[in-house]
Amino acid sequence: MNLILLRHGQSTWNLENRFTGWKDVSLTEIGIEEAEYSGKIILENQFNIQSIYTSLLNRATETTNIVAKIINYPKSQIKNDWRLNERHYGALEGLNKSETAKKYGEDQVKIWRRSFDIPPPQLEISDIRHPKNNRKFSNLECELPIGESLKDVISRLLPFLNNYFDFIKNNNGDHLIVAHSNSLRAIVKILEGLSDSEIIEVNIPTGVPLVYKLDNMLNIINKKYLIDEENLKRKKEIVENQGKIK
């Protein structure tokens, strides 16, 4: 089987280089083009998509809908799960990453963005950015996050992944998850068995399908991004440079 991981296309806050987290923002024109590219390249590679899961956030659901339309996957069969939401960036949400690096230093920003178990500064309960103020999350049966590390993201993802991995083991064909930088990094860490230090250097670009060919026990046979090496390198550098002083 093939498991395809796809980070949503460029969002408005990606373009503005802001910490986005659970803030609901939409795709840019480039993001729409990236989603269209993803759908077309999945179609060209003749993947037999049996399931599509995505988060509750607009930039992921917009990407998913574009891809599903291109590959002729029924929109009614798309599944949403809040556990696939992006990492919550706490009090950093909405801040410009480069300006934050200028204030706190690039090393500190890299820790907040890429470390395994160090969370960002937490939101106050009274902060208007608190997820309780978004109706989309008001019915979630969980303690709403106010600032997560990657370790925290993995903890909330595990109940979903345990069921999901059993599901794809028992359903032949190919499966697609459309999510976010850190929810996908969490999945990559688990799939590849990466160490806490190895995951720091993993950058996932927007709008490029990452395909894992798996055996029936979910061991990795091979993996590849569906894009040429030059463009992949350029896109990864864009992600890496977001936290640097400009």
# chains A, B, ... in the order shown; residues from 1 in each chain; ligands from 1
>>> residues_around(residues="segment 90-103 of chain A", least_positions_apart="6", cutoff="9 Å", atoms="only C-alpha atoms", output="PyMOL selection string")
chain A and resi 13+16-23+109-110+119-124+127+129-130+145-148+241-246
>>> residues_around(residues="Arg135 of chain A", least_positions_apart="4", cutoff="12 Å", atoms="only C-alpha atoms", output="list in words")
Asp24, Leu56, His130, Pro131, Asn139 and Leu140 of chain A
>>> write_last_selection(atoms="N, CA and C atoms", output="compact mmCIF listing (two decimals), in the first residue's frame")
# COMPACT_ATOMS: atom_id res chain seq x y z
N ASP A 24 -7.70 29.93 11.80
CA ASP A 24 -8.29 29.50 10.53
C ASP A 24 -8.00 30.54 9.45
N LEU A 56 -9.58 19.94 10.81
CA LEU A 56 -10.74 20.83 10.82
C LEU A 56 -10.42 22.21 10.28
N HIS A 130 -7.66 32.24 22.20
CA HIS A 130 -7.91 30.93 22.80
C HIS A 130 -8.90 30.16 21.91
N PRO A 131 -8.63 28.87 21.65
CA PRO A 131 -9.51 28.10 20.75
C PRO A 131 -10.95 27.97 21.23
N ASN A 139 -17.21 22.05 20.54
CA ASN A 139 -17.80 20.76 20.88
C ASN A 139 -16.77 19.64 21.03
N LEU A 140 -15.50 19.98 20.96
CA LEU A 140 -14.47 18.95 21.07
C LEU A 140 -14.41 18.43 22.51
>>> select_by_dssp(residues="segment 166-203 of chain A", states="helix (DSSP H, G or I)", output="ChimeraX atom specification")
/A:166-169,181-192,198-201
>>> closest_residue(among="A:Ser115, A:Asn2, A:Ser55, A:Ser195", to="Arg83 of chain A", atoms="only C-alpha atoms")
A:Ser55
>>> closest_residue(among="A:Lys136, A:Gln10, A:Asn203, A:Asn72", to="Asn48 of chain A", atoms="only C-alpha atoms")
A:Asn72
>>> closest_residue(among="A:Pro205, A:Phe167, A:Ile177, A:Leu84", to="Ser155 of chain A", atoms="only C-alpha atoms")
A:Leu84
>>> closest_residue(among="A:Ala68, A:Leu3, A:Ile111, A:Leu150", to="Leu176 of chain A", atoms="only C-alpha atoms")
A:Leu3
>>> atom_distance(atom1="atom CA of His175 of chain A", atom2="atom CA of Gln50 of chain A")
5.6 Å
>>> residues_around(residues="Leu184 of chain A", least_positions_apart="5", cutoff="8 Å", atoms="only C-alpha atoms", output="PDB file with all heavy atoms, in the first residue's frame")
ATOM      1  N   LEU A   5       1.231  11.524   2.502  1.00  0.00           N
ATOM      2  CA  LEU A   5       1.101  12.643   3.432  1.00  0.00           C
ATOM      3  C   LEU A   5       1.246  13.942   2.654  1.00  0.00           C
ATOM      4  O   LEU A   5       2.214  14.120   1.922  1.00  0.00           O
ATOM      5  CB  LEU A   5       2.176  12.570   4.521  1.00  0.00           C
ATOM      6  CG  LEU A   5       2.250  11.273   5.337  1.00  0.00           C
ATOM      7  CD1 LEU A   5       3.355  11.383   6.379  1.00  0.00           C
ATOM      8  CD2 LEU A   5       0.914  10.952   5.996  1.00  0.00           C
ATOM      9  N   LEU A   6       0.288  14.831   2.815  1.00  0.00           N
ATOM     10  CA  LEU A   6       0.300  16.086   2.068  1.00  0.00           C
ATOM     11  C   LEU A   6       0.063  17.259   3.003  1.00  0.00           C
ATOM     12  O   LEU A   6      -0.977  17.331   3.671  1.00  0.00           O
ATOM     13  CB  LEU A   6      -0.790  16.059   0.985  1.00  0.00           C
ATOM     14  CG  LEU A   6      -0.999  17.354   0.189  1.00  0.00           C
ATOM     15  CD1 LEU A   6       0.267  17.757  -0.571  1.00  0.00           C
ATOM     16  CD2 LEU A   6      -2.190  17.204  -0.772  1.00  0.00           C
ATOM     17  N   ARG A   7       1.026  18.147   3.069  1.00  0.00           N
ATOM     18  CA  ARG A   7       0.816  19.408   3.780  1.00  0.00           C
ATOM     19  C   ARG A   7      -0.006  20.318   2.883  1.00  0.00           C
ATOM     20  O   ARG A   7       0.196  20.376   1.668  1.00  0.00           O
ATOM     21  CB  ARG A   7       2.154  20.066   4.118  1.00  0.00           C
ATOM     22  CG  ARG A   7       2.000  21.329   4.963  1.00  0.00           C
ATOM     23  CD  ARG A   7       3.347  21.968   5.255  1.00  0.00           C
ATOM     24  NE  ARG A   7       3.178  23.228   5.957  1.00  0.00           N
ATOM     25  CZ  ARG A   7       4.154  24.095   6.179  1.00  0.00           C
ATOM     26  NH1 ARG A   7       5.396  23.813   5.773  1.00  0.00           N
ATOM     27  NH2 ARG A   7       3.913  25.238   6.822  1.00  0.00           N
ATOM     28  N   ALA A 179      -2.777  17.376   5.968  1.00  0.00           N
ATOM     29  CA  ALA A 179      -2.712  18.002   7.293  1.00  0.00           C
ATOM     30  C   ALA A 179      -1.717  19.160   7.286  1.00  0.00           C
ATOM     31  O   ALA A 179      -1.690  19.958   6.335  1.00  0.00           O
ATOM     32  CB  ALA A 179      -2.387  16.953   8.357  1.00  0.00           C
ATOM     33  N   ILE A 204       8.806  19.983   6.216  1.00  0.00           N
ATOM     34  CA  ILE A 204       7.862  19.478   5.225  1.00  0.00           C
ATOM     35  C   ILE A 204       7.303  20.655   4.432  1.00  0.00           C
ATOM     36  O   ILE A 204       6.663  21.546   4.991  1.00  0.00           O
ATOM     37  CB  ILE A 204       6.727  18.696   5.897  1.00  0.00           C
ATOM     38  CG1 ILE A 204       7.314  17.483   6.631  1.00  0.00           C
ATOM     39  CG2 ILE A 204       5.690  18.255   4.871  1.00  0.00           C
ATOM     40  CD1 ILE A 204       6.294  16.648   7.372  1.00  0.00           C
TER      41      ILE A 204
END
>>> residues_around(residues="Lys224 of chain A", least_positions_apart="2", cutoff="8 Å", atoms="only C-alpha atoms", output="list of chain:residue names")
A:Leu210, A:Val211, A:Tyr212, A:Asn222, A:Leu226
>>> closest_residue(among="A:Lys169, A:Lys235, A:Lys69, A:His180", to="Asn85 of chain A", atoms="only C-alpha atoms")
A:His180
>>> residues_around(residues="Ile200 of chain A", least_positions_apart="3", cutoff="12 Å", atoms="only C-alpha atoms", output="ChimeraX atom specification")
/A:110-118,149-151,182,185-186,188-189,194-197,203-204,240
>>> write_last_selection(atoms="C-alpha atoms", output="tab-separated table (two decimals), in the first residue's frame")
chain	number	residue	atom	x	y	z
A	110	LYS	CA	14.10	27.17	16.07
A	111	ILE	CA	13.50	25.54	19.46
A	112	TRP	CA	9.90	26.77	19.49
A	113	ARG	CA	9.35	25.69	15.87
A	114	ARG	CA	11.24	22.41	15.65
A	115	SER	CA	12.14	21.00	19.07
A	116	PHE	CA	10.47	17.84	20.33
A	117	ASP	CA	9.36	18.61	23.86
A	118	ILE	CA	9.66	22.37	24.43
A	149	SER	CA	5.28	20.97	21.74
A	150	LEU	CA	5.65	18.29	19.07
A	151	LYS	CA	5.55	15.76	21.91
A	182	ASN	CA	3.72	19.55	12.69
A	185	ARG	CA	6.09	15.72	11.31
A	186	ALA	CA	4.56	13.78	14.21
A	188	VAL	CA	6.79	11.00	10.09
A	189	LYS	CA	8.56	10.62	13.45
A	194	LEU	CA	13.15	9.07	14.26
A	195	SER	CA	14.85	10.22	17.45
A	196	ASP	CA	13.87	13.41	19.27
A	197	SER	CA	16.95	15.11	17.82
A	203	ASN	CA	11.00	20.31	7.20
A	204	ILE	CA	7.86	19.48	5.22
A	240	GLU	CA	13.78	26.34	6.99
>>> atom_distance(atom1="atom CA of Tyr37 of chain A", atom2="atom CA of Ile71 of chain A")
11.3 Å
>>> closest_residue(among="A:Gln108, A:Ser126, A:Thr61, A:Asn133", to="Ile32 of chain A", atoms="only C-alpha atoms")
A:Thr61
>>> select_by_dssp(residues="segment 32-150 of chain A", states="strand (DSSP E)", output="ChimeraX atom specification")
/A:49-54,79-80
>>> atom_distance(atom1="atom CA of Asn216 of chain A", atom2="atom CA of Ile52 of chain A")
19.0 Å
